$ cat entry-v6.pdb   # PDB, C-alpha atoms
ATOM      1  CA  MET H 295       0.000   0.000   0.000
ATOM      2  CA  LYS H 296       1.464   3.322  -1.087
ATOM      3  CA  THR H 297       1.826   6.012   1.593
ATOM      4  CA  GLU H 298       1.736   9.651   0.518
ATOM      5  CA  GLN H 299       4.626  11.765   1.761
ATOM      6  CA  PHE H 300       4.461  15.437   2.728
ATOM      7  CA  THR H 301       7.591  17.560   2.432
ATOM      8  CA  GLU H 302       6.584  19.872   5.305
ATOM      9  CA  LYS H 303       4.493  19.718   8.441
ATOM     10  CA  PRO H 304       0.911  20.635   7.480
ATOM     11  CA  TYR H 305       0.032  22.085  10.894
ATOM     12  CA  LEU H 306       1.806  22.991  14.085
ATOM     13  CA  ALA H 307       2.215  20.719  17.094
ATOM     14  CA  ALA H 308      -1.085  21.150  18.896
ATOM     15  CA  LYS H 309       0.211  21.633  22.436
ATOM     16  CA  ASP H 310       3.539  23.379  21.922
ATOM     17  CA  SER H 311       2.895  26.969  22.994
ATOM     18  CA  ALA H 312       6.321  28.043  21.749
ATOM     19  CA  VAL H 313       5.358  27.541  18.111
ATOM     20  CA  TRP H 314       1.802  28.876  18.165
ATOM     21  CA  PRO H 315       1.475  32.666  17.722
ATOM     22  CA  ARG H 316       0.156  34.509  20.760
ATOM     23  CA  ILE H 317      -3.490  35.454  20.247
ATOM     24  CA  THR H 318      -5.075  38.176  22.362
ATOM     25  CA  MET H 319      -8.843  38.059  22.659
ATOM     26  CA  VAL H 320     -10.845  40.798  24.353
ATOM     27  CA  THR H 321     -14.425  40.615  25.581
ATOM     28  CA  ALA H 322     -16.161  43.812  26.704
ATOM     29  CA  VAL H 323     -19.305  43.178  28.717
ATOM     30  CA  TYR H 324     -22.103  45.273  30.167
ATOM     31  CA  ASN H 325     -24.808  43.378  32.093
ATOM     32  CA  GLY H 326     -24.117  40.213  30.126
ATOM     33  CA  GLU H 327     -24.780  37.537  32.725
ATOM     34  CA  GLN H 328     -27.221  35.597  30.533
ATOM     35  CA  TYR H 329     -24.707  34.511  27.890
ATOM     36  CA  LEU H 330     -21.280  35.555  29.179
ATOM     37  CA  GLU H 331     -20.330  32.168  30.620
ATOM     38  CA  ASP H 332     -21.079  30.491  27.294
ATOM     39  CA  THR H 333     -18.880  33.058  25.536
ATOM     40  CA  ILE H 334     -15.995  32.577  27.978
ATOM     41  CA  ARG H 335     -16.157  28.789  27.764
ATOM     42  CA  SER H 336     -16.121  28.874  23.960
ATOM     43  CA  ILE H 337     -12.744  30.635  24.233
ATOM     44  CA  VAL H 338     -10.939  29.086  27.194
ATOM     45  CA  LEU H 339     -12.023  25.496  26.472
ATOM     46  CA  GLN H 340     -10.415  25.649  23.029
ATOM     47  CA  GLY H 341      -7.170  24.579  24.661
ATOM     48  CA  TYR H 342      -5.207  27.013  22.519
ATOM     49  CA  PRO H 343      -1.745  26.964  24.108
ATOM     50  CA  ASN H 344      -0.755  30.608  23.596
ATOM     51  CA  LEU H 345      -3.918  32.544  24.458
ATOM     52  CA  GLU H 346      -4.100  35.903  26.191
ATOM     53  CA  TYR H 347      -7.711  36.534  27.200
ATOM     54  CA  ILE H 348      -8.766  39.891  28.661
ATOM     55  CA  ILE H 349     -12.264  40.782  29.857
ATOM     56  CA  VAL H 350     -13.414  44.354  30.461
ATOM     57  CA  ASN H 351     -16.439  44.765  32.715
ATOM     58  CA  ASP H 352     -17.973  48.029  31.543
ATOM     59  CA  GLY H 353     -19.924  48.986  34.662
ATOM     60  CA  SER H 354     -22.245  45.951  34.901
ATOM     61  CA  THR H 355     -24.814  45.919  37.712
ATOM     62  CA  ASP H 356     -25.976  42.301  37.336
ATOM     63  CA  GLY H 357     -24.099  39.065  38.068
ATOM     64  CA  THR H 358     -21.424  39.633  35.421
ATOM     65  CA  VAL H 359     -18.574  40.079  37.908
ATOM     66  CA  ASP H 360     -19.374  36.785  39.647
ATOM     67  CA  ILE H 361     -19.106  34.981  36.300
ATOM     68  CA  ILE H 362     -15.803  36.661  35.483
ATOM     69  CA  ARG H 363     -14.375  35.681  38.876
ATOM     70  CA  LYS H 364     -15.440  32.085  38.282
ATOM     71  CA  TYR H 365     -13.101  31.943  35.275
ATOM     72  CA  GLU H 366     -10.441  34.330  36.594
ATOM     73  CA  GLN H 367      -7.734  31.655  36.518
ATOM     74  CA  HIS H 368      -8.111  31.442  32.738
ATOM     75  CA  LEU H 369      -7.680  35.185  32.220
ATOM     76  CA  VAL H 370      -4.468  37.117  31.859
ATOM     77  CA  GLU H 371      -6.310  40.146  33.183
ATOM     78  CA  TRP H 372      -9.772  41.544  33.774
ATOM     79  CA  ILE H 373     -10.598  45.220  34.042
ATOM     80  CA  ASN H 374     -13.434  46.732  36.067
ATOM     81  CA  GLN H 375     -14.408  50.229  34.941
ATOM     82  CA  PRO H 376     -17.393  52.619  34.888
ATOM     83  CA  ASN H 377     -19.664  52.304  31.871
ATOM     84  CA  LYS H 378     -17.998  53.996  28.877
ATOM     85  CA  GLY H 379     -19.507  52.105  25.962
ATOM     86  CA  LEU H 380     -18.506  49.062  23.937
ATOM     87  CA  TYR H 381     -15.669  50.459  21.847
ATOM     88  CA  ALA H 382     -14.082  52.420  24.677
ATOM     89  CA  ALA H 383     -14.144  49.229  26.764
ATOM     90  CA  LEU H 384     -12.547  47.242  23.940
ATOM     91  CA  ASN H 385      -9.829  49.875  23.647
ATOM     92  CA  ALA H 386      -9.102  49.474  27.358
ATOM     93  CA  GLY H 387      -8.613  45.755  26.789
ATOM     94  CA  PHE H 388      -6.488  46.064  23.667
ATOM     95  CA  ALA H 389      -4.284  48.623  25.424
ATOM     96  CA  GLN H 390      -3.133  45.750  27.654
ATOM     97  CA  ALA H 391      -2.689  43.244  24.818
ATOM     98  CA  SER H 392       0.667  41.652  24.057
ATOM     99  CA  GLY H 393      -0.464  39.204  21.356
ATOM    100  CA  GLU H 394       0.814  39.042  17.808
ATOM    101  CA  ILE H 395      -2.753  38.308  16.653
ATOM    102  CA  LEU H 396      -5.792  40.269  17.904
ATOM    103  CA  GLY H 397      -9.560  39.841  17.906
ATOM    104  CA  TRP H 398     -12.603  40.387  20.077
ATOM    105  CA  LEU H 399     -15.781  38.547  20.950
ATOM    106  CA  ASP H 400     -18.861  40.248  22.378
ATOM    107  CA  ALA H 401     -20.416  38.887  25.536
ATOM    108  CA  SER H 402     -23.131  36.801  23.903
ATOM    109  CA  ASP H 403     -21.261  35.440  20.878
ATOM    110  CA  LYS H 404     -19.092  32.327  20.566
ATOM    111  CA  LEU H 405     -16.124  30.767  18.879
ATOM    112  CA  HIS H 406     -16.519  27.514  17.005
ATOM    113  CA  THR H 407     -14.600  24.434  18.098
ATOM    114  CA  SER H 408     -10.880  24.862  17.234
ATOM    115  CA  GLY H 409     -11.540  28.348  15.882
ATOM    116  CA  LEU H 410      -8.377  29.720  17.493
ATOM    117  CA  PHE H 411      -6.333  26.881  16.006
ATOM    118  CA  VAL H 412      -7.656  27.878  12.584
ATOM    119  CA  VAL H 413      -6.547  31.455  13.234
ATOM    120  CA  GLY H 414      -3.120  30.564  14.614
ATOM    121  CA  SER H 415      -2.260  28.061  11.904
ATOM    122  CA  VAL H 416      -3.430  30.295   9.036
ATOM    123  CA  PHE H 417      -1.343  33.259  10.170
ATOM    124  CA  THR H 418       1.650  30.964  10.636
ATOM    125  CA  ALA H 419       1.222  29.456   7.174
ATOM    126  CA  PHE H 420       0.976  32.863   5.466
ATOM    127  CA  PRO H 421       3.249  35.512   7.016
ATOM    128  CA  GLU H 422       2.168  37.983   4.323
ATOM    129  CA  VAL H 423      -1.523  37.808   5.328
ATOM    130  CA  THR H 424      -2.441  40.486   7.867
ATOM    131  CA  TRP H 425      -6.179  40.013   8.446
ATOM    132  CA  ILE H 426      -8.631  37.203   7.885
ATOM    133  CA  THR H 427     -12.303  36.368   8.282
ATOM    134  CA  GLY H 428     -14.041  32.976   8.288
ATOM    135  CA  ARG H 429     -17.440  31.841   7.080
ATOM    136  CA  ALA H 430     -20.161  34.031   8.572
ATOM    137  CA  THR H 431     -22.287  31.968  10.959
ATOM    138  CA  GLY H 432     -24.999  32.527  13.539
ATOM    139  CA  PHE H 433     -26.192  30.851  16.737
ATOM    140  CA  ASN H 434     -29.711  30.794  18.101
ATOM    141  CA  ARG H 435     -30.487  31.723  21.697
ATOM    142  CA  ALA H 436     -29.621  28.197  22.856
ATOM    143  CA  GLY H 437     -26.195  28.377  21.222
ATOM    144  CA  MET H 438     -26.942  26.068  18.287
ATOM    145  CA  THR H 439     -25.349  26.919  14.945
ATOM    146  CA  VAL H 440     -28.379  27.724  12.785
ATOM    147  CA  VAL H 441     -26.917  30.002  10.088
ATOM    148  CA  ALA H 442     -23.933  29.326   7.818
ATOM    149  CA  ASN H 443     -23.689  31.850   5.000
ATOM    150  CA  PRO H 444     -22.109  31.140   1.618
ATOM    151  CA  LEU H 445     -18.412  31.835   1.308
ATOM    152  CA  GLN H 446     -17.614  35.404   0.247
ATOM    153  CA  ARG H 447     -14.542  37.211  -1.030
ATOM    154  CA  TRP H 448     -13.772  40.790  -0.122
ATOM    155  CA  SER H 449     -12.497  43.830  -1.983
ATOM    156  CA  ARG H 450     -11.862  47.320  -0.639
ATOM    157  CA  TYR H 451     -13.571  49.053  -3.552
ATOM    158  CA  ARG H 452     -16.627  46.778  -3.560
ATOM    159  CA  PHE H 453     -16.826  47.233   0.196
ATOM    160  CA  LEU H 454     -16.844  51.018  -0.190
ATOM    161  CA  ALA H 455     -19.398  50.701  -2.988
ATOM    162  CA  GLY H 456     -21.814  49.066  -0.548
ATOM    163  CA  ALA H 457     -21.416  45.398  -1.463
ATOM    164  CA  ASN H 458     -20.005  42.838   0.968
ATOM    165  CA  LYS H 459     -20.586  45.410   3.695
ATOM    166  CA  TYR H 460     -21.146  43.096   6.634
ATOM    167  CA  ILE H 461     -17.789  41.620   7.587
ATOM    168  CA  GLN H 462     -18.534  39.362  10.544
ATOM    169  CA  GLN H 463     -16.533  40.726  13.454
ATOM    170  CA  GLU H 464     -16.776  37.474  15.433
ATOM    171  CA  SER H 465     -14.854  35.663  12.665
ATOM    172  CA  THR H 466     -12.272  38.374  12.008
ATOM    173  CA  PHE H 467      -8.702  38.484  13.342
ATOM    174  CA  TRP H 468      -5.677  40.584  12.426
ATOM    175  CA  ARG H 469      -1.981  41.054  13.076
ATOM    176  CA  ARG H 470      -0.777  43.625  15.567
ATOM    177  CA  SER H 471       1.306  45.212  12.792
ATOM    178  CA  LEU H 472      -1.889  46.082  10.884
ATOM    179  CA  TRP H 473      -3.633  47.286  14.056
ATOM    180  CA  ASP H 474      -0.747  49.630  14.854
ATOM    181  CA  ARG H 475      -0.486  50.889  11.293
ATOM    182  CA  ALA H 476      -4.230  51.660  11.215
ATOM    183  CA  GLY H 477      -4.108  53.718  14.408
ATOM    184  CA  GLY H 478      -4.069  51.154  17.208
ATOM    185  CA  SER H 479      -7.582  51.763  18.534
ATOM    186  CA  LEU H 480     -11.275  51.569  17.707
ATOM    187  CA  GLY H 481     -13.190  54.747  17.008
ATOM    188  CA  THR H 482     -15.679  55.595  19.781
ATOM    189  CA  SER H 483     -17.799  58.168  17.926
ATOM    190  CA  TYR H 484     -19.459  55.939  15.318
ATOM    191  CA  GLY H 485     -22.233  54.375  17.389
ATOM    192  CA  PRO H 486     -22.713  50.702  16.509
ATOM    193  CA  ALA H 487     -20.542  51.018  13.386
ATOM    194  CA  GLY H 488     -17.177  51.139  15.149
ATOM    195  CA  ASP H 489     -16.268  47.790  13.622
ATOM    196  CA  PHE H 490     -17.076  49.005  10.090
ATOM    197  CA  GLU H 491     -14.888  52.075  10.587
ATOM    198  CA  LEU H 492     -12.008  49.853  11.693
ATOM    199  CA  TRP H 493     -12.384  47.671   8.590
ATOM    200  CA  VAL H 494     -12.256  50.803   6.414
ATOM    201  CA  ARG H 495      -8.891  51.716   7.966
ATOM    202  CA  PHE H 496      -7.576  48.153   7.635
ATOM    203  CA  PHE H 497      -8.479  48.124   3.940
ATOM    204  CA  ARG H 498      -6.174  51.106   3.348
ATOM    205  CA  TYR H 499      -3.178  48.916   4.059
ATOM    206  CA  ALA H 500      -4.046  45.282   3.315
ATOM    207  CA  PRO H 501      -6.531  42.983   1.565
ATOM    208  CA  LEU H 502      -8.903  40.865   3.636
ATOM    209  CA  HIS H 503      -8.465  37.121   3.090
ATOM    210  CA  THR H 504     -11.407  34.778   3.530
ATOM    211  CA  VAL H 505     -10.736  31.451   5.246
ATOM    212  CA  ASP H 506     -13.008  28.592   4.249
ATOM    213  CA  ALA H 507     -13.503  27.476   7.845
ATOM    214  CA  LEU H 508     -15.629  28.176  10.916
ATOM    215  CA  ILE H 509     -14.043  30.586  13.380
ATOM    216  CA  GLY H 510     -16.763  32.445  15.293
ATOM    217  CA  GLY H 511     -20.416  33.385  15.116
ATOM    218  CA  TYR H 512     -23.074  35.866  16.202
ATOM    219  CA  ARG H 513     -25.873  34.897  18.598
ATOM    220  CA  PHE H 514     -29.416  35.976  17.732
ATOM    221  CA  HIS H 515     -31.396  36.707  20.900
ATOM    222  CA  GLU H 516     -33.925  39.119  22.355
ATOM    223  CA  ASP H 517     -31.389  41.646  23.599
ATOM    224  CA  ALA H 518     -29.847  41.774  20.137
ATOM    225  CA  LEU H 519     -33.114  42.848  18.521
ATOM    226  CA  SER H 520     -32.324  46.491  19.216
ATOM    227  CA  TRP H 521     -29.430  46.170  16.775
ATOM    228  CA  VAL H 522     -31.725  44.592  14.194
ATOM    229  CA  ASP H 523     -34.238  47.385  14.683
ATOM    230  CA  GLY H 524     -31.371  49.851  14.300
ATOM    231  CA  ARG H 525     -30.067  48.384  11.030
ATOM    232  CA  GLU H 526     -31.155  51.496   9.140
ATOM    233  CA  THR H 527     -29.117  53.668  11.521
ATOM    234  CA  TYR H 528     -26.138  51.324  11.229
ATOM    235  CA  ASP H 529     -26.316  51.405   7.431
ATOM    236  CA  ARG H 530     -26.599  55.184   7.388
ATOM    237  CA  ILE H 531     -23.483  55.588   9.536
ATOM    238  CA  CYS H 532     -21.604  53.074   7.366
ATOM    239  CA  GLU H 533     -22.552  55.045   4.261
ATOM    240  CA  GLU H 534     -21.247  58.238   5.811
ATOM    241  CA  ILE H 535     -17.959  56.573   6.773
ATOM    242  CA  ALA H 536     -17.539  55.045   3.305
ATOM    243  CA  GLY H 537     -18.371  58.348   1.646
ATOM    244  CA  ARG H 538     -15.723  60.206   3.636
ATOM    245  CA  GLU H 539     -13.181  57.501   2.843
ATOM    246  CA  LEU H 540     -13.837  57.825  -0.887
ATOM    247  CA  GLU H 541     -13.468  61.597  -0.758
ATOM    248  CA  SER H 542      -9.899  61.137   0.417
ATOM    249  CA  THR H 543      -9.121  58.243  -1.955
ATOM    250  CA  PRO H 544      -7.719  59.129  -5.403
ATOM    251  CA  HIS H 545      -8.908  57.618  -8.694
ATOM    252  CA  THR H 546     -12.402  56.728  -7.429
ATOM    253  CA  THR H 547     -14.544  58.877  -9.745
ATOM    254  CA  ALA H 548     -16.407  55.869 -11.170
ATOM    255  CA  LEU H 549     -16.999  54.457  -7.722
ATOM    256  CA  LYS H 550     -18.387  57.772  -6.478
ATOM    257  CA  ALA H 551     -20.738  57.853  -9.475
ATOM    258  CA  PHE H 552     -21.878  54.307  -8.709
ATOM    259  CA  ARG H 553     -22.662  55.273  -5.114
ATOM    260  CA  TRP H 554     -24.566  58.346  -6.342
ATOM    261  CA  VAL H 555     -26.773  56.121  -8.496
ATOM    262  CA  SER H 556     -27.311  53.749  -5.562
ATOM    263  CA  ARG H 557     -28.525  56.615  -3.386
ATOM    264  CA  ALA H 558     -30.723  57.948  -6.191
ATOM    265  CA  VAL H 559     -32.601  54.657  -6.729
ATOM    266  CA  LYS H 560     -33.053  53.911  -3.026
ATOM    267  CA  PRO H 561     -36.322  55.921  -2.664
ATOM    268  CA  ILE H 562     -37.877  54.160  -5.694
ATOM    269  CA  PRO H 563     -39.309  50.813  -4.458
ATOM    270  CA  LYS H 564     -39.365  48.839  -7.725
ATOM    271  CA  VAL H 565     -36.029  50.113  -8.967
ATOM    272  CA  ARG H 566     -34.470  49.704  -5.520
ATOM    273  CA  GLY H 567     -35.399  46.018  -5.432
ATOM    274  CA  PHE H 568     -33.935  45.375  -8.876
ATOM    275  CA  TRP H 569     -30.775  47.315  -8.028
ATOM    276  CA  GLN H 570     -30.242  45.340  -4.849
ATOM    277  CA  ARG H 571     -30.975  41.906  -6.342
ATOM    278  CA  VAL H 572     -29.162  42.289  -9.635
ATOM    279  CA  VAL H 573     -26.556  45.035  -9.429
ATOM    280  CA  MET H 574     -25.409  45.049  -5.798
ATOM    281  CA  LYS H 575     -25.414  41.274  -5.431
ATOM    282  CA  GLY H 576     -23.698  41.055  -8.785
ATOM    283  CA  LEU H 577     -20.747  42.932  -7.324
ATOM    284  CA  TYR H 578     -20.202  40.012  -4.944
ATOM    285  CA  ARG H 579     -19.664  37.635  -7.870
ATOM    286  CA  LEU H 580     -17.954  39.918 -10.363
ATOM    287  CA  PRO H 581     -14.433  38.602 -11.022
ATOM    288  CA  GLY H 582     -11.498  40.949 -10.733
ATOM    289  CA  ALA H 583      -7.855  41.314  -9.766
ATOM    290  CA  ASP H 584      -8.870  43.129  -6.566
ATOM    291  CA  LEU H 585     -10.179  39.899  -5.006
ATOM    292  CA  PRO H 586      -7.548  38.058  -2.939
ATOM    293  CA  PRO H 587      -7.498  34.257  -3.048
ATOM    294  CA  ILE H 588      -9.428  32.178  -0.530
ATOM    295  CA  ILE H 589      -7.527  30.241   2.111
ATOM    296  CA  GLN H 590      -8.667  26.619   2.169
ATOM    297  CA  ASP H 591      -7.617  23.380   3.804
ATOM    298  CA  GLN H 592      -6.232  20.860   1.337
ATOM    299  CA  ARG H 593      -5.199  17.534   2.827
ATOM    300  CA  ASN H 594      -4.307  19.107   6.185
ATOM    301  CA  LYS H 595      -2.439  22.037   4.724
ATOM    302  CA  TRP H 596      -3.621  25.606   4.172
ATOM    303  CA  VAL H 597      -3.430  26.714   0.551
ATOM    304  CA  LEU H 598      -4.393  29.841  -1.424
ATOM    305  CA  ARG H 599      -6.986  29.231  -4.109
ATOM    306  CA  ASP H 600      -8.706  31.502  -6.597
ATOM    307  CA  LYS H 601     -12.370  30.684  -7.118
TER     308      LYS H 601
END

$ encode --input "entry-v6.pdb" --output "structure tokens"
Amino acid sequence: MKTEQFTEKPYLAAKDSAVWPRITMVTAVYNGEQYLEDTIRSIVLQGYPNLEYIIVNDGSTDGTVDIIRKYEQHLVEWINQPNKGLYAALNAGFAQASGEILGWLDASDKLHTSGLFVVGSVFTAFPEVTWITGRATGFNRAGMTVVANPLQRWSRYRFLAGANKYIQQESTFWRRSLWDRAGGSLGTSYGPAGDFELWVRFFRYAPLHTVDALIGGYRFHEDALSWVDGRETYDRICEEIAGRELESTPHTTALKAFRWVSRAVKPIPKVRGFWQRVVMKGLYRLPGADLPPIIQDQRNKWVLRDK
């Protein structure tokens, strides 16, 4: 029986912390006792050998602190501060980070099994890659994976045009070098769109690579409905951020014209539906040199593949 030979190790030794890149994860929480323990366990029970986990309690008045103390031995640090808002709390956590790789998880969301091993091994395999995102997924209130979206590729210019706008934060990780180059903090004046504004800055310096794997997911629950109800506000802020970015970006005349048409057809119901279904969704599938390759597993080795 013929045995196939590999010329290099496909993945790193699973328990050798010296060879796995240090990943810093931050969770900012305000009155999150209902789901926080599930979030923490999804991170610390990964068994990732070089994890730095920081929790910032942003002025909670419920049982959040008791839950944090229950898992204190698994944390490098936890910060207790007056309520300052999500992105200010995340900044407080990242200010203490020492990891080579960074990411955050909100206090009701979760990582998938081995999600951190996906992140660590991908960044090790591709030193030139500076930020990644996995398949967008969602959990129901009970923590079951109930949504797995089709694989998407990302482009700065399509992103600014309004397509592929929703990069799933729970599945997105980046190198410290990119974080520092893009300013080293999250903006605190963009309401719920602080993540979108960060992605806009990241795109100035590096392409976003999609990993064909499960990393993290968003939990749909009653307390999250306010965000759903506020989608129009979120989209409006994102449009303002993208518009300002284009104004300072050279050679984007055609893209500005495209966005002008998009705004013009939005008040017209029948035209708006056609534009969204045919034109905007078409941007997702339109081939082009601005789309980086997808990172996929091939026989226990990460490879770059154009699709």

$ resolve_selection --input "entry-v6.pdb" --expression "the PyMOL selection byres ((chain H and resi 526-540) around 8)" --output "list in words"
Leu454, Ala455, Gly456, Tyr484, Gly485, Pro486, Ala487, Phe490, Glu491, Val494, Asp523, Gly524, Arg525, Glu541, Ser542, Thr543, Pro544, Thr546 and Lys550 of chain H

$ write_last_selection --input "entry-v6.pdb" --atoms "C-alpha atoms" --output "mmCIF file, in the coordinates of the input"
data_model
loop_
_atom_site.group_PDB
_atom_site.id
_atom_site.type_symbol
_atom_site.label_atom_id
_atom_site.label_comp_id
_atom_site.auth_asym_id
_atom_site.auth_seq_id
_atom_site.Cartn_x
_atom_site.Cartn_y
_atom_site.Cartn_z
ATOM 1 C CA LEU H 454 -16.844 51.018 -0.190
ATOM 2 C CA ALA H 455 -19.398 50.701 -2.988
ATOM 3 C CA GLY H 456 -21.814 49.066 -0.548
ATOM 4 C CA TYR H 484 -19.459 55.939 15.318
ATOM 5 C CA GLY H 485 -22.233 54.375 17.389
ATOM 6 C CA PRO H 486 -22.713 50.702 16.509
ATOM 7 C CA ALA H 487 -20.542 51.018 13.386
ATOM 8 C CA PHE H 490 -17.076 49.005 10.090
ATOM 9 C CA GLU H 491 -14.888 52.075 10.587
ATOM 10 C CA VAL H 494 -12.256 50.803 6.414
ATOM 11 C CA ASP H 523 -34.238 47.385 14.683
ATOM 12 C CA GLY H 524 -31.371 49.851 14.300
ATOM 13 C CA ARG H 525 -30.067 48.384 11.030
ATOM 14 C CA GLU H 541 -13.468 61.597 -0.758
ATOM 15 C CA SER H 542 -9.899 61.137 0.417
ATOM 16 C CA THR H 543 -9.121 58.243 -1.955
ATOM 17 C CA PRO H 544 -7.719 59.129 -5.403
ATOM 18 C CA THR H 546 -12.402 56.728 -7.429
ATOM 19 C CA LYS H 550 -18.387 57.772 -6.478
#

$ resolve_selection --input "entry-v6.pdb" --expression "the PyMOL selection byres ((chain H and resi 471-478) around 12)" --output "PyMOL selection string"
chain H and resi 384-397+421-426+467-470+479-481+491-502

$ write_last_selection --input "entry-v6.pdb" --atoms "C-alpha atoms" --output "PDB file, in the frame of the given file"
ATOM      1  CA  LEU H 384     -12.547  47.242  23.940  1.00  0.00           C
ATOM      2  CA  ASN H 385      -9.829  49.875  23.647  1.00  0.00           C
ATOM      3  CA  ALA H 386      -9.102  49.474  27.358  1.00  0.00           C
ATOM      4  CA  GLY H 387      -8.613  45.755  26.789  1.00  0.00           C
ATOM      5  CA  PHE H 388      -6.488  46.064  23.667  1.00  0.00           C
ATOM      6  CA  ALA H 389      -4.284  48.623  25.424  1.00  0.00           C
ATOM      7  CA  GLN H 390      -3.133  45.750  27.654  1.00  0.00           C
ATOM      8  CA  ALA H 391      -2.689  43.244  24.818  1.00  0.00           C
ATOM      9  CA  SER H 392       0.667  41.652  24.057  1.00  0.00           C
ATOM     10  CA  GLY H 393      -0.464  39.204  21.356  1.00  0.00           C
ATOM     11  CA  GLU H 394       0.814  39.042  17.808  1.00  0.00           C
ATOM     12  CA  ILE H 395      -2.753  38.308  16.653  1.00  0.00           C
ATOM     13  CA  LEU H 396      -5.792  40.269  17.904  1.00  0.00           C
ATOM     14  CA  GLY H 397      -9.560  39.841  17.906  1.00  0.00           C
ATOM     15  CA  PRO H 421       3.249  35.512   7.016  1.00  0.00           C
ATOM     16  CA  GLU H 422       2.168  37.983   4.323  1.00  0.00           C
ATOM     17  CA  VAL H 423      -1.523  37.808   5.328  1.00  0.00           C
ATOM     18  CA  THR H 424      -2.441  40.486   7.867  1.00  0.00           C
ATOM     19  CA  TRP H 425      -6.179  40.013   8.446  1.00  0.00           C
ATOM     20  CA  ILE H 426      -8.631  37.203   7.885  1.00  0.00           C
ATOM     21  CA  PHE H 467      -8.702  38.484  13.342  1.00  0.00           C
ATOM     22  CA  TRP H 468      -5.677  40.584  12.426  1.00  0.00           C
ATOM     23  CA  ARG H 469      -1.981  41.054  13.076  1.00  0.00           C
ATOM     24  CA  ARG H 470      -0.777  43.625  15.567  1.00  0.00           C
ATOM     25  CA  SER H 479      -7.582  51.763  18.534  1.00  0.00           C
ATOM     26  CA  LEU H 480     -11.275  51.569  17.707  1.00  0.00           C
ATOM     27  CA  GLY H 481     -13.190  54.747  17.008  1.00  0.00           C
ATOM     28  CA  GLU H 491     -14.888  52.075  10.587  1.00  0.00           C
ATOM     29  CA  LEU H 492     -12.008  49.853  11.693  1.00  0.00           C
ATOM     30  CA  TRP H 493     -12.384  47.671   8.590  1.00  0.00           C
ATOM     31  CA  VAL H 494     -12.256  50.803   6.414  1.00  0.00           C
ATOM     32  CA  ARG H 495      -8.891  51.716   7.966  1.00  0.00           C
ATOM     33  CA  PHE H 496      -7.576  48.153   7.635  1.00  0.00           C
ATOM     34  CA  PHE H 497      -8.479  48.124   3.940  1.00  0.00           C
ATOM     35  CA  ARG H 498      -6.174  51.106   3.348  1.00  0.00           C
ATOM     36  CA  TYR H 499      -3.178  48.916   4.059  1.00  0.00           C
ATOM     37  CA  ALA H 500      -4.046  45.282   3.315  1.00  0.00           C
ATOM     38  CA  PRO H 501      -6.531  42.983   1.565  1.00  0.00           C
ATOM     39  CA  LEU H 502      -8.903  40.865   3.636  1.00  0.00           C
TER      40      LEU H 502
END

$ closest_residue --input "entry-v6.pdb" --among "H:Ser336, H:Asn344, H:Gln367, H:Thr355" --to "Gly409 (chain H)" --atoms "all atoms listed in the file"
H:Ser336

$ closest_residue --input "entry-v6.pdb" --among "H:Ile362, H:Met574, H:Ala548, H:Ile588" --to "Thr333 (chain H)" --atoms "only C-alpha atoms"
H:Ile362

$ residues_near_point --input "entry-v6.pdb" --point "(-4.8, 27.5, 11.1)" --cutoff "12 Å" --atoms "all atoms listed in the file" --output "ChimeraX atom specification"
/H:304-308,314-315,342,408-420,426-428,467,505-509,589-592,594-597

$ resolve_selection --input "entry-v6.pdb" --expression "the PyMOL selection byres ((chain H and resi 443-449) around 8)" --output "ChimeraX atom specification"
/H:429-431,441-442,450-453,458,501-504,506,578,584-588

$ residues_near_point --input "entry-v6.pdb" --point "(-25.5, 46.2, 36.5)" --cutoff "10 Å" --atoms "only C-alpha atoms" --output "ChimeraX atom specification"
/H:324-327,351-359,377

$ closest_residue --input "entry-v6.pdb" --among "H:Gly341, H:Pro581, H:Gly510, H:Gly437" --to "Thr466 (chain H)" --atoms "only C-alpha atoms"
H:Gly510

$ axis_aligned_box --input "entry-v6.pdb" --around "region 374-389 of chain H" --padding-each-side "8 Å" --output "AutoDock Vina command-line options"
--center_x -12.0 --center_y 49.9 --center_z 29.0 --size_x 31.4 --size_y 24.2 --size_z 30.2

$ closest_residue --input "entry-v6.pdb" --among "H:Ile361, H:Leu580, H:Val555, H:Ala382" --to "Ala401 (chain H)" --atoms "all atoms listed in the file"
H:Ile361

$ residues_around --input "entry-v6.pdb" --residues "Val350 (chain H)" --least-positions-apart "3" --cutoff "6 Å" --atoms "all atoms listed in the file" --output "VMD selection string"
chain H and resid 322 372 to 373

$ atom_distance --input "entry-v6.pdb" --atom1 "CA of Phe433 (chain H)" --atom2 "CA of Tyr512 (chain H)"
5.9 Å

$ atom_distance --input "entry-v6.pdb" --atom1 "CA of Pro343 (chain H)" --atom2 "CA of Val370 (chain H)"
13.1 Å

$ atom_distance --input "entry-v6.pdb" --atom1 "CA of Lys459 (chain H)" --atom2 "CA of Ile334 (chain H)"
27.8 Å

$ closest_residue --input "entry-v6.pdb" --among "H:Val440, H:Val323, H:Leu405, H:Val565" --to "Gln375 (chain H)" --atoms "only C-alpha atoms"
H:Val323
